[in-house]
Amino acid sequence: RALALLREHKSSITHEENNESSESSSSVFLVGTGPGDVGMLTLRAASLMASADVILYDRLVSEEILKLCNPSAVMVYVGKASGFHTRSQEEIHQLMLAFAQTPSTTVVRLKGGDPCVFGRGGEEFEFLSERGIGVHVVPGITAAAGISASVGVPLTHRGVAASVRFLTGHLRADVQADGADGEAAGAAAAADAALGSARTRQDDAEDVQGAGALKGQTLVVYMGLQTLPHLIHELVARGAGPSTPAMAVENGTTEHERRVFSPMHLLPDAVKSAELRSPTLVVIGEVVSLSKEWRARDEGWTDDGWKVATGAHPSRASDFLDGDDNTFHDRVAHITM
């Protein structure tokens, strides 16, 4: 129905504008909105949202960001949660294609974070390009960068971490097993990507002291909440130090943010105790110890060895906004694309 209404609207506009070709091409923009804080939205993204004819948006796009969308745009929710997808990926492909085949239509595919960092943006780009549709990618601040920065954790730091790896704790549906076997398989795949295949453990104490095999690198795990216990087990089995600093952040950069800090081996229990829910980002590495909240060892740490902090972090980027949604919307609507 949304597609029919759009085509009817576009047809009437084309009929009125006799001097313009009715065959004007349409474009699809794969737009990243960042981790949730509207202040981390790029100007390019805000401009496209304010002028789009059709917006297909994900579950992780925050309400305050959706307020910046063109009020007259056709809004189509295509969100996914673990175990529940409102649309399959193939259905999303077909929806974008159908809207893009309507003349003179700007279609925005709105995603949380960055479209091409575990966002399936590459698949959508490939599908549309193969069918002759003009596709453009508008990068967003990925959760790893945005959330870590807002919490005060640098992903790399001279003398502490010279590399960072982005991992997913989630396996593709066509390769995963069911239940616990599937979770273990996903965790093993992520650990292999981080540290290589499993090796024979040594009883030598030096083998697991400090960060162990994680020394000098930071791991960031997307969509890893369900497989976290298996992942930690697999990392330790590959030589990662159990006491490596770690954190899990739920709803990062939003007013609903919750943060858990603990040594790596305690993180699954800490996350379970705090009842964190998706979306939660996990960061593991010595850089976590650089956070002010980690260093404040006398504030908020439980006898069990972890710390939970709640509420929006004081360094939210959206603090620069004047609070007038309409004024901000008017400003971004006039940004030159």
# chains A, B, ... in the order shown; residues from 1 in each chain; ligands from 1
call {"tool": "select_by_dssp", "arguments": {"residues": "segment 122-318 of chain A", "states": "strand (DSSP E)", "output": "PDB file with N, CA and C atoms, in the first residue's frame"}}
result
ATOM      1  N   GLY A 134      21.109   3.155  -8.709  1.00  0.00           N
ATOM      2  CA  GLY A 134      22.195   3.970  -8.156  1.00  0.00           C
ATOM      3  C   GLY A 134      22.204   3.889  -6.639  1.00  0.00           C
ATOM      4  N   VAL A 135      23.312   3.443  -6.075  1.00  0.00           N
ATOM      5  CA  VAL A 135      23.416   3.261  -4.621  1.00  0.00           C
ATOM      6  C   VAL A 135      24.589   4.067  -4.081  1.00  0.00           C
ATOM      7  N   HIS A 136      24.368   4.709  -2.949  1.00  0.00           N
ATOM      8  CA  HIS A 136      25.414   5.513  -2.311  1.00  0.00           C
ATOM      9  C   HIS A 136      25.471   5.145  -0.832  1.00  0.00           C
ATOM     10  N   VAL A 137      26.674   5.020  -0.291  1.00  0.00           N
ATOM     11  CA  VAL A 137      26.847   4.694   1.124  1.00  0.00           C
ATOM     12  C   VAL A 137      27.243   5.944   1.893  1.00  0.00           C
ATOM     13  N   VAL A 138      26.517   6.220   2.954  1.00  0.00           N
ATOM     14  CA  VAL A 138      26.828   7.338   3.842  1.00  0.00           C
ATOM     15  C   VAL A 138      27.285   6.744   5.170  1.00  0.00           C
ATOM     16  N   ALA A 161      47.701  -0.673  23.357  1.00  0.00           N
ATOM     17  CA  ALA A 161      47.042  -1.433  22.291  1.00  0.00           C
ATOM     18  C   ALA A 161      47.397  -0.838  20.938  1.00  0.00           C
ATOM     19  N   ALA A 162      48.023  -1.640  20.105  1.00  0.00           N
ATOM     20  CA  ALA A 162      48.424  -1.190  18.772  1.00  0.00           C
ATOM     21  C   ALA A 162      47.465  -1.662  17.683  1.00  0.00           C
ATOM     22  N   SER A 163      46.451  -2.463  18.052  1.00  0.00           N
ATOM     23  CA  SER A 163      45.496  -2.947  17.062  1.00  0.00           C
ATOM     24  C   SER A 163      44.141  -3.164  17.722  1.00  0.00           C
ATOM     25  N   VAL A 164      43.105  -3.170  16.887  1.00  0.00           N
ATOM     26  CA  VAL A 164      41.756  -3.422  17.365  1.00  0.00           C
ATOM     27  C   VAL A 164      41.054  -4.336  16.367  1.00  0.00           C
ATOM     28  N   ARG A 165      40.278  -5.283  16.880  1.00  0.00           N
ATOM     29  CA  ARG A 165      39.533  -6.204  16.025  1.00  0.00           C
ATOM     30  C   ARG A 165      38.042  -6.091  16.334  1.00  0.00           C
ATOM     31  N   PHE A 166      37.252  -5.997  15.275  1.00  0.00           N
ATOM     32  CA  PHE A 166      35.797  -6.013  15.414  1.00  0.00           C
ATOM     33  C   PHE A 166      35.313  -7.432  15.127  1.00  0.00           C
ATOM     34  N   LEU A 167      34.558  -8.007  16.062  1.00  0.00           N
ATOM     35  CA  LEU A 167      34.064  -9.371  15.923  1.00  0.00           C
ATOM     36  C   LEU A 167      32.547  -9.394  16.062  1.00  0.00           C
ATOM     37  N   THR A 168      31.933 -10.421  15.516  1.00  0.00           N
ATOM     38  CA  THR A 168      30.521 -10.665  15.774  1.00  0.00           C
ATOM     39  C   THR A 168      30.370 -12.011  16.465  1.00  0.00           C
ATOM     40  N   GLY A 216      48.383  -6.127  23.784  1.00  0.00           N
ATOM     41  CA  GLY A 216      48.620  -5.229  22.655  1.00  0.00           C
ATOM     42  C   GLY A 216      47.459  -5.074  21.698  1.00  0.00           C
ATOM     43  N   GLN A 217      46.303  -5.709  21.981  1.00  0.00           N
ATOM     44  CA  GLN A 217      45.165  -5.543  21.090  1.00  0.00           C
ATOM     45  C   GLN A 217      43.866  -5.389  21.869  1.00  0.00           C
ATOM     46  N   THR A 218      42.875  -4.822  21.193  1.00  0.00           N
ATOM     47  CA  THR A 218      41.542  -4.620  21.762  1.00  0.00           C
ATOM     48  C   THR A 218      40.542  -5.422  20.943  1.00  0.00           C
ATOM     49  N   LEU A 219      39.644  -6.110  21.616  1.00  0.00           N
ATOM     50  CA  LEU A 219      38.566  -6.826  20.946  1.00  0.00           C
ATOM     51  C   LEU A 219      37.255  -6.101  21.192  1.00  0.00           C
ATOM     52  N   VAL A 220      36.493  -5.907  20.134  1.00  0.00           N
ATOM     53  CA  VAL A 220      35.157  -5.329  20.248  1.00  0.00           C
ATOM     54  C   VAL A 220      34.178  -6.330  19.663  1.00  0.00           C
ATOM     55  N   VAL A 221      33.207  -6.728  20.457  1.00  0.00           N
ATOM     56  CA  VAL A 221      32.274  -7.778  20.039  1.00  0.00           C
ATOM     57  C   VAL A 221      30.877  -7.192  19.862  1.00  0.00           C
ATOM     58  N   TYR A 222      30.387  -7.270  18.633  1.00  0.00           N
ATOM     59  CA  TYR A 222      29.020  -6.881  18.315  1.00  0.00           C
ATOM     60  C   TYR A 222      28.114  -8.117  18.418  1.00  0.00           C
ATOM     61  N   PRO A 245      40.952  -6.524  31.553  1.00  0.00           N
ATOM     62  CA  PRO A 245      39.818  -5.621  31.763  1.00  0.00           C
ATOM     63  C   PRO A 245      38.796  -5.732  30.632  1.00  0.00           C
ATOM     64  N   ALA A 246      37.526  -5.639  30.992  1.00  0.00           N
ATOM     65  CA  ALA A 246      36.460  -5.768  29.996  1.00  0.00           C
ATOM     66  C   ALA A 246      35.276  -4.910  30.411  1.00  0.00           C
ATOM     67  N   MET A 247      34.462  -4.558  29.423  1.00  0.00           N
ATOM     68  CA  MET A 247      33.227  -3.832  29.724  1.00  0.00           C
ATOM     69  C   MET A 247      32.141  -4.234  28.738  1.00  0.00           C
ATOM     70  N   ALA A 248      30.890  -4.104  29.172  1.00  0.00           N
ATOM     71  CA  ALA A 248      29.729  -4.311  28.318  1.00  0.00           C
ATOM     72  C   ALA A 248      28.838  -3.092  28.466  1.00  0.00           C
ATOM     73  N   VAL A 249      28.400  -2.535  27.340  1.00  0.00           N
ATOM     74  CA  VAL A 249      27.605  -1.309  27.365  1.00  0.00           C
ATOM     75  C   VAL A 249      26.289  -1.535  26.621  1.00  0.00           C
ATOM     76  N   GLU A 250      25.198  -1.382  27.328  1.00  0.00           N
ATOM     77  CA  GLU A 250      23.856  -1.540  26.756  1.00  0.00           C
ATOM     78  C   GLU A 250      23.313  -0.176  26.354  1.00  0.00           C
ATOM     79  N   ARG A 258      23.581   1.659  30.048  1.00  0.00           N
ATOM     80  CA  ARG A 258      24.075   0.999  31.266  1.00  0.00           C
ATOM     81  C   ARG A 258      25.425   0.381  30.953  1.00  0.00           C
ATOM     82  N   ARG A 259      26.356   0.484  31.886  1.00  0.00           N
ATOM     83  CA  ARG A 259      27.725   0.033  31.676  1.00  0.00           C
ATOM     84  C   ARG A 259      28.138  -0.941  32.775  1.00  0.00           C
ATOM     85  N   VAL A 260      28.778  -2.019  32.365  1.00  0.00           N
ATOM     86  CA  VAL A 260      29.296  -3.007  33.319  1.00  0.00           C
ATOM     87  C   VAL A 260      30.797  -3.158  33.092  1.00  0.00           C
ATOM     88  N   PHE A 261      31.576  -3.063  34.146  1.00  0.00           N
ATOM     89  CA  PHE A 261      33.032  -3.244  34.083  1.00  0.00           C
ATOM     90  C   PHE A 261      33.412  -4.438  34.949  1.00  0.00           C
ATOM     91  N   SER A 262      34.336  -5.256  34.462  1.00  0.00           N
ATOM     92  CA  SER A 262      34.816  -6.378  35.266  1.00  0.00           C
ATOM     93  C   SER A 262      36.025  -6.998  34.592  1.00  0.00           C
ATOM     94  N   PRO A 263      36.794  -7.823  35.330  1.00  0.00           N
ATOM     95  CA  PRO A 263      37.786  -8.660  34.651  1.00  0.00           C
ATOM     96  C   PRO A 263      37.056  -9.561  33.660  1.00  0.00           C
ATOM     97  N   THR A 280      23.905  -4.631  23.140  1.00  0.00           N
ATOM     98  CA  THR A 280      25.007  -4.471  24.075  1.00  0.00           C
ATOM     99  C   THR A 280      26.322  -4.696  23.350  1.00  0.00           C
ATOM    100  N   LEU A 281      27.238  -3.778  23.514  1.00  0.00           N
ATOM    101  CA  LEU A 281      28.572  -3.878  22.913  1.00  0.00           C
ATOM    102  C   LEU A 281      29.567  -4.324  23.982  1.00  0.00           C
ATOM    103  N   VAL A 282      30.449  -5.245  23.634  1.00  0.00           N
ATOM    104  CA  VAL A 282      31.458  -5.744  24.565  1.00  0.00           C
ATOM    105  C   VAL A 282      32.843  -5.312  24.094  1.00  0.00           C
ATOM    106  N   VAL A 283      33.628  -4.770  25.003  1.00  0.00           N
ATOM    107  CA  VAL A 283      35.004  -4.370  24.701  1.00  0.00           C
ATOM    108  C   VAL A 283      35.926  -5.069  25.684  1.00  0.00           C
ATOM    109  N   ILE A 284      36.965  -5.725  25.162  1.00  0.00           N
ATOM    110  CA  ILE A 284      37.907  -6.481  25.983  1.00  0.00           C
ATOM    111  C   ILE A 284      39.322  -6.036  25.646  1.00  0.00           C
ATOM    112  N   LYS A 307      31.484  -3.818  38.415  1.00  0.00           N
ATOM    113  CA  LYS A 307      30.914  -2.492  38.646  1.00  0.00           C
ATOM    114  C   LYS A 307      29.835  -2.229  37.609  1.00  0.00           C
ATOM    115  N   VAL A 308      28.705  -1.681  38.055  1.00  0.00           N
ATOM    116  CA  VAL A 308      27.609  -1.346  37.148  1.00  0.00           C
ATOM    117  C   VAL A 308      27.329   0.143  37.275  1.00  0.00           C
ATOM    118  N   ALA A 309      27.248   0.833  36.131  1.00  0.00           N
ATOM    119  CA  ALA A 309      26.914   2.252  36.103  1.00  0.00           C
ATOM    120  C   ALA A 309      25.726   2.434  35.168  1.00  0.00           C
ATOM    121  N   THR A 310      24.801   3.319  35.533  1.00  0.00           N
ATOM    122  CA  THR A 310      23.592   3.501  34.736  1.00  0.00           C
ATOM    123  C   THR A 310      23.404   4.962  34.361  1.00  0.00           C
TER     124      THR A 310
END
call {"tool": "residues_around", "arguments": {"residues": "segment 65-82 of chain A", "least_positions_apart": "4", "cutoff": "7 Å", "atoms": "only C-alpha atoms", "output": "number ranges by chain"}}
result
A: 2, 38, 46, 49-59, 61, 86-87, 329
call {"tool": "residues_around", "arguments": {"residues": "segment 191-196 of chain A", "least_positions_apart": "2", "cutoff": "12 Å", "atoms": "only C-alpha atoms", "output": "ChimeraX atom specification"}}
result
/A:163-170,184-189,198-199,212-215,217-221,224,227-240,284-285
call {"tool": "write_last_selection", "arguments": {"atoms": "N, CA and C atoms", "output": "short mmCIF file (atom, residue, chain, number, x, y, z; two decimals), in the first residue's frame"}}
result
data_model
loop_
_atom_site.label_atom_id
_atom_site.label_comp_id
_atom_site.auth_asym_id
_atom_site.auth_seq_id
_atom_site.Cartn_x
_atom_site.Cartn_y
_atom_site.Cartn_z
N SER A 163 46.45 -2.46 18.05
CA SER A 163 45.50 -2.95 17.06
C SER A 163 44.14 -3.16 17.72
N VAL A 164 43.11 -3.17 16.89
CA VAL A 164 41.76 -3.42 17.36
C VAL A 164 41.05 -4.34 16.37
N ARG A 165 40.28 -5.28 16.88
CA ARG A 165 39.53 -6.20 16.02
C ARG A 165 38.04 -6.09 16.33
N PHE A 166 37.25 -6.00 15.27
CA PHE A 166 35.80 -6.01 15.41
C PHE A 166 35.31 -7.43 15.13
N LEU A 167 34.56 -8.01 16.06
CA LEU A 167 34.06 -9.37 15.92
C LEU A 167 32.55 -9.39 16.06
N THR A 168 31.93 -10.42 15.52
CA THR A 168 30.52 -10.67 15.77
C THR A 168 30.37 -12.01 16.46
N GLY A 169 29.54 -12.03 17.49
CA GLY A 169 29.29 -13.28 18.19
C GLY A 169 28.12 -14.04 17.60
N HIS A 170 27.65 -13.58 16.43
CA HIS A 170 26.46 -14.15 15.81
C HIS A 170 26.83 -14.84 14.52
N ALA A 184 27.95 -22.01 20.96
CA ALA A 184 29.35 -22.40 21.10
C ALA A 184 30.08 -22.26 19.77
N ALA A 185 29.41 -22.62 18.68
CA ALA A 185 30.03 -22.51 17.36
C ALA A 185 30.30 -21.05 17.01
N GLY A 186 29.34 -20.17 17.33
CA GLY A 186 29.54 -18.75 17.07
C GLY A 186 30.67 -18.18 17.89
N ALA A 187 30.76 -18.58 19.17
CA ALA A 187 31.83 -18.11 20.04
C ALA A 187 33.19 -18.61 19.57
N ALA A 188 33.25 -19.86 19.16
CA ALA A 188 34.52 -20.42 18.67
C ALA A 188 34.99 -19.70 17.41
N ALA A 189 34.03 -19.38 16.53
CA ALA A 189 34.39 -18.67 15.30
C ALA A 189 34.93 -17.29 15.62
N ALA A 198 42.21 -22.98 18.42
CA ALA A 198 42.53 -23.41 19.78
C ALA A 198 43.88 -24.10 19.83
N ARG A 199 44.60 -23.85 20.91
CA ARG A 199 45.91 -24.48 21.06
C ARG A 199 45.95 -25.21 22.41
N GLY A 212 47.75 -11.79 28.53
CA GLY A 212 48.11 -13.02 27.83
C GLY A 212 48.12 -12.81 26.33
N ALA A 213 47.40 -13.67 25.60
CA ALA A 213 47.39 -13.62 24.14
C ALA A 213 46.72 -12.36 23.60
N LEU A 214 46.01 -11.62 24.46
CA LEU A 214 45.37 -10.37 24.02
C LEU A 214 46.27 -9.17 24.19
N LYS A 215 47.47 -9.36 24.68
CA LYS A 215 48.37 -8.25 24.93
C LYS A 215 48.57 -7.43 23.66
N GLN A 217 46.30 -5.71 21.98
CA GLN A 217 45.17 -5.54 21.09
C GLN A 217 43.87 -5.39 21.87
N THR A 218 42.87 -4.82 21.19
CA THR A 218 41.54 -4.62 21.76
C THR A 218 40.54 -5.42 20.94
N LEU A 219 39.64 -6.11 21.62
CA LEU A 219 38.57 -6.83 20.95
C LEU A 219 37.25 -6.10 21.19
N VAL A 220 36.49 -5.91 20.13
CA VAL A 220 35.16 -5.33 20.25
C VAL A 220 34.18 -6.33 19.66
N VAL A 221 33.21 -6.73 20.46
CA VAL A 221 32.27 -7.78 20.04
C VAL A 221 30.88 -7.19 19.86
N GLY A 224 27.12 -10.00 20.67
CA GLY A 224 27.74 -11.13 21.37
C GLY A 224 27.14 -11.45 22.72
N THR A 227 26.10 -15.20 23.28
CA THR A 227 27.21 -16.16 23.24
C THR A 227 28.36 -15.79 24.16
N LEU A 228 28.17 -14.76 24.99
CA LEU A 228 29.28 -14.24 25.80
C LEU A 228 29.95 -15.29 26.68
N PRO A 229 29.22 -16.12 27.42
CA PRO A 229 29.92 -17.12 28.25
C PRO A 229 30.81 -18.05 27.42
N HIS A 230 30.30 -18.47 26.27
CA HIS A 230 31.08 -19.34 25.40
C HIS A 230 32.30 -18.60 24.85
N LEU A 231 32.11 -17.33 24.48
CA LEU A 231 33.21 -16.55 23.92
C LEU A 231 34.34 -16.39 24.91
N ILE A 232 34.02 -16.03 26.16
CA ILE A 232 35.05 -15.86 27.17
C ILE A 232 35.80 -17.18 27.39
N HIS A 233 35.06 -18.27 27.44
CA HIS A 233 35.69 -19.59 27.61
C HIS A 233 36.66 -19.87 26.46
N GLU A 234 36.24 -19.57 25.25
CA GLU A 234 37.08 -19.84 24.08
C GLU A 234 38.31 -18.93 24.06
N LEU A 235 38.15 -17.68 24.47
CA LEU A 235 39.30 -16.77 24.49
C LEU A 235 40.34 -17.22 25.52
N VAL A 236 39.87 -17.62 26.70
CA VAL A 236 40.81 -18.12 27.73
C VAL A 236 41.50 -19.38 27.23
N ALA A 237 40.76 -20.24 26.54
CA ALA A 237 41.35 -21.48 26.00
C ALA A 237 42.43 -21.20 24.98
N ARG A 238 42.40 -20.01 24.40
CA ARG A 238 43.41 -19.62 23.40
C ARG A 238 44.50 -18.75 23.99
N GLY A 239 44.51 -18.63 25.31
CA GLY A 239 45.60 -17.94 25.97
C GLY A 239 45.34 -16.54 26.45
N ALA A 240 44.11 -16.04 26.30
CA ALA A 240 43.79 -14.71 26.81
C ALA A 240 43.77 -14.72 28.33
N ILE A 284 36.97 -5.72 25.16
CA ILE A 284 37.91 -6.48 25.98
C ILE A 284 39.32 -6.04 25.65
N GLY A 285 40.09 -5.69 26.68
CA GLY A 285 41.47 -5.29 26.45
C GLY A 285 41.96 -4.35 27.53
#
call {"tool": "residues_around", "arguments": {"residues": "Thr142 of chain A", "least_positions_apart": "5", "cutoff": "6 Å", "atoms": "only C-alpha atoms", "output": "list of chain:residue names"}}
result
A:Gly34, A:Gly113, A:Asp114
call {"tool": "atom_distance", "arguments": {"atom1": "atom CA of Gly252 of chain A", "atom2": "atom CA of Gly121 of chain A"}}
result
21.4 Å
call {"tool": "atom_distance", "arguments": {"atom1": "atom CA of Arg120 of chain A", "atom2": "atom CA of Phe29 of chain A"}}
result
13.5 Å
call {"tool": "atom_distance", "arguments": {"atom1": "atom CA of Asn251 of chain A", "atom2": "atom CA of Gln226 of chain A"}}
result
15.7 Å
call {"tool": "residues_around", "arguments": {"residues": "Asp304 of chain A", "least_positions_apart": "5", "cutoff": "10 Å", "atoms": "only C-alpha atoms", "output": "number ranges by chain"}}
result
A: 262, 266, 269-270
call {"tool": "write_last_selection", "arguments": {"atoms": "N, CA, C and O atoms", "output": "CSV table (one decimal), in the first residue's frame"}}
result
chain,number,residue,atom,x,y,z
A,262,SER,N,34.3,-5.3,34.5
A,262,SER,CA,34.8,-6.4,35.3
A,262,SER,C,36.0,-7.0,34.6
A,262,SER,O,36.3,-6.8,33.4
A,266,LEU,N,34.9,-12.6,34.6
A,266,LEU,CA,33.7,-12.4,35.4
A,266,LEU,C,32.6,-11.7,34.6
A,266,LEU,O,31.5,-11.5,35.1
A,269,ASP,N,29.0,-13.3,34.3
A,269,ASP,CA,28.2,-13.2,35.5
A,269,ASP,C,27.7,-11.8,35.8
A,269,ASP,O,26.6,-11.6,36.2
A,270,ALA,N,28.6,-10.8,35.5
A,270,ALA,CA,28.3,-9.4,35.8
A,270,ALA,C,27.2,-9.0,34.9
A,270,ALA,O,26.2,-8.3,35.3
